[in-house]
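Engineer: This structure is in structure tokens; I'll ask about it shortly.
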Amino acid sequence: MSATAGKLAVDSRARSAAADDTTWRTLWVFCVYRVVLALFVGMAFVFLNRFSNVGIGFPQAVVPTVSAYVIASLVLLVPASLREPNVRIQVTAGVVVDVIAIVMLMYSSGGIRSGFGVILLMSLAAAGLITRGRLAYFHAAIAAIAVLVEQTLQMLRNDAGVQDFVQSGLTSAAFFATALLATTLARYARTSEEIAEERRLDLANLSQINELVIRDMQDGILVVDGEGRIRQSNPRATQLLGPLPTGRARLLDYAPEISALLEAWRRGSETTFMQLRAPRATGELQVHFVPIGSGDPSPVVIFIEDVGRMRHQATQMKLVALGRLTASIAHEIRNPLSSIGHAADLLKEDPGQNEDSRRLLEIVQNNVVRLDRIVQEVLLLNRRDRAQPEAIDAVPYLSNFAHEFCATEKVPDGGLDVQVRTTQRLWFDRQHLDQMLWNIARNAWRHGRKGTGSTRILVSPSAVPGRLALDVIDDGPGVAKEALAHLFEPFFTTEAQGTGLGLYIARELCEANSARIECIEGEGCGHFRITLKAA
């Protein structure tokens, strides 16, 4: 958050600098206005004096006054352009120049009745808006004193009427009213700027918070416009779907599976959440579409969820409880099973046993083996976090695996067919691969026709660059459609003697090695594919 605060502080200083720049530009415009006013008065005296009556009382003072006014106005442009000295000094100097010039023109044009006093209202209003403080009343006082002094001179030298003092007083009062109005407007403007600055900072904070939340979300986000172009994404989306291409990418080219689901949703599909298997993703994904804005079709925010992560969270409590019971299961069940098995072996060696006793002892031994296998699989649940991947040469590894598998499972020669169609090596924990492949191959042989080539293991390049596909295929009837959704769930089994942990452990071991296991549908046979990294 310190970096965020620093950024906002820099932004605030930039905002203050922008405000000062606006004040200096306003002052420069005020100086230009003064030059134009001086030139206009001079031209009115030269060309339009029959209408304006400039200098009607003392014409010989007009030209020096206007000339000095023009020169002083031009001189005041220089410090305004250089922005030195400060604004208050320059505004005060400008007001003094305006007061002296306008009051001199008033004196030479017949006094307060000439109307030149009204010009000072504009100067005082501009000065009050620029300085934004009590200095405006000081400027109004200077103008009022000058006007009253000029009216006094008119009475002493030109026999002006006392009644003109009333108009001079009203004009002076107008000066202070103008200063009050300018100060009030300046205060409102300053308050509005402060409120706007606070809201700008709040919006900046909110924008940064939203950016942090979106960036750190566990779900991927894609913003797609009505024409199918990706306008915005977060890092999680690129982790799930791969890096975005440069330029304005189209959803159809980047993620055609999601694009097809989006089109189906826009056509009126009632499904809110849709699942898919993207080739570039390491697991199943679920997308959710939320329309934004207007248009036909309207822009859409696509939320991409990792189903594997949600499934992992859903089973976390079960795994925690199972992990706590692992030690007690090993102690309370495995040791008695060993004793029961050993006792059954001793009883079976007794020559006095009849056929019924031997059959019962065989049932005891088979169930001891089955219970021991259940304990072994439960104990193996916690081994997935200790993965140590290594580069495995597929040809010698699978040849040795096939030899051991056929010898142990009593599979005839040729029953397990191994084919390797790549020179790349497998990147996987060897012990994990042994356990997983043995489990899947045993299931394939059990459900196949048990003939030559009934079970096939095929290694080939995957459609995803840098990954390999390890397929285990049997010639059996395949997996029932109603079982597909629960195939990798713990303790789900369709076999009376099964534990329901084999495929679940296989999936856990794949995730521990950054791989993915899936059941390929619609081929009329059992087909499991493991997509794993290539070394």
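Residues are named by chain letter and number: chains run A, B, ... in the order of the structure tokens, numbers start at 1 in each chain, and ligands are numbered from 1 in the order shown.
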Please extract the residues of range 349-424 of chain A with a backbone DSSP assignment of strand (DSSP E) and present them as JSON, numbers by chain.

Structural biologist: {"A": [390, 391, 392, 416, 417, 418, 419, 420]}

Engineer: Include C-alpha atoms and write out the residues we just selected as an mmCIF file, in the first residue's frame.

Structural biologist:
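Just written: again_32.cif:
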data_model
loop_
_atom_site.group_PDB
_atom_site.id
_atom_site.type_symbol
_atom_site.label_atom_id
_atom_site.label_comp_id
_atom_site.auth_asym_id
_atom_site.auth_seq_id
_atom_site.Cartn_x
_atom_site.Cartn_y
_atom_site.Cartn_z
ATOM 1 C CA GLU A 390 12.522 -36.543 -13.633
ATOM 2 C CA ALA A 391 13.134 -37.133 -17.331
ATOM 3 C CA ILE A 392 12.041 -40.691 -18.195
ATOM 4 C CA LEU A 416 -0.228 -55.610 -23.450
ATOM 5 C CA ASP A 417 0.867 -53.685 -26.574
ATOM 6 C CA VAL A 418 3.282 -50.753 -26.054
ATOM 7 C CA GLN A 419 3.904 -48.148 -28.773
ATOM 8 C CA VAL A 420 6.148 -45.064 -28.474
#

Engineer: With a distance cut-off of 9 Å and only C-alpha atoms, select the neighbouring residues of range 399-413 of chain A, excluding the residue or stretch itself and same-chain residues fewer than 2 positions from it, and output the selection as a PyMOL selection string.

Structural biologist: chain A and resi 394-397+415-418+434+437-438+441-442+445+450-452

Engineer: In Å, rounded to a single decimal, give me how far CA of Glu193 in chain A is from CA of Val87 in chain A.

Structural biologist: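 CA of Glu193 in chain A lies 19.0 Å from CA of Val87 in chain A.
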
Engineer: Nearest residue to Leu241 in chain A out of A:Gly502, A:Leu39, A:Val464, A:Asp296, using only C-alpha atoms?

Structural biologist: A:Val464

Engineer: Could you produce a table of the residues of range 170-236 of chain A lying within 12 Å of range 110-121 of chain A, with the nearest pair of atoms per residue and their separation in Å rounded to one decimal, using only C-alpha atoms, ordered by chain and increasing residue number, as JSON lines?

Structural biologist:
{"residue": "A:Leu170", "atom": "CA", "partner": "A:Ile112", "partner_atom": "CA", "distance": 10.5}
{"residue": "A:Thr171", "atom": "CA", "partner": "A:Gly117", "partner_atom": "CA", "distance": 7.0}
{"residue": "A:Ser172", "atom": "CA", "partner": "A:Gly117", "partner_atom": "CA", "distance": 8.9}
{"residue": "A:Ala173", "atom": "CA", "partner": "A:Leu121", "partner_atom": "CA", "distance": 10.7}
{"residue": "A:Ala174", "atom": "CA", "partner": "A:Leu121", "partner_atom": "CA", "distance": 7.6}
{"residue": "A:Phe175", "atom": "CA", "partner": "A:Leu121", "partner_atom": "CA", "distance": 6.2}
{"residue": "A:Phe176", "atom": "CA", "partner": "A:Leu121", "partner_atom": "CA", "distance": 9.4}
{"residue": "A:Ala177", "atom": "CA", "partner": "A:Leu121", "partner_atom": "CA", "distance": 9.5}
{"residue": "A:Thr178", "atom": "CA", "partner": "A:Leu121", "partner_atom": "CA", "distance": 6.6}
{"residue": "A:Ala179", "atom": "CA", "partner": "A:Leu121", "partner_atom": "CA", "distance": 8.8}
{"residue": "A:Leu180", "atom": "CA", "partner": "A:Leu121", "partner_atom": "CA", "distance": 11.8}
{"residue": "A:Leu181", "atom": "CA", "partner": "A:Leu121", "partner_atom": "CA", "distance": 11.1}
{"residue": "A:Ala182", "atom": "CA", "partner": "A:Leu121", "partner_atom": "CA", "distance": 10.5}

Engineer: Just write the chosen residues, C-alpha atoms, as a JSON list (two decimals), in the first residue's frame.

Structural biologist:
[["chain", "number", "residue", "atom", "x", "y", "z"],
["A", 170, "LEU", "CA", -22.45, 54.08, -5.33],
["A", 171, "THR", "CA", -19.58, 53.21, -7.66],
["A", 172, "SER", "CA", -17.26, 52.67, -4.69],
["A", 173, "ALA", "CA", -19.91, 50.47, -3.07],
["A", 174, "ALA", "CA", -20.11, 48.52, -6.33],
["A", 175, "PHE", "CA", -16.36, 47.96, -6.09],
["A", 176, "PHE", "CA", -16.73, 46.31, -2.70],
["A", 177, "ALA", "CA", -19.79, 44.35, -3.85],
["A", 178, "THR", "CA", -17.77, 43.09, -6.79],
["A", 179, "ALA", "CA", -14.93, 42.11, -4.45],
["A", 180, "LEU", "CA", -17.40, 40.29, -2.20],
["A", 181, "LEU", "CA", -18.95, 38.48, -5.16],
["A", 182, "ALA", "CA", -15.55, 37.53, -6.58]]

Engineer: Considering only C-alpha atoms, can you say which of A:Gly128, A:Gly476, A:Gly228, A:Pro85 comes closest to Asp253 in chain A?

Structural biologist: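 Of A:Gly128, A:Gly476, A:Gly228, A:Pro85, the one nearest Asp253 in chain A, counting only C-alpha atoms, is A:Gly228.
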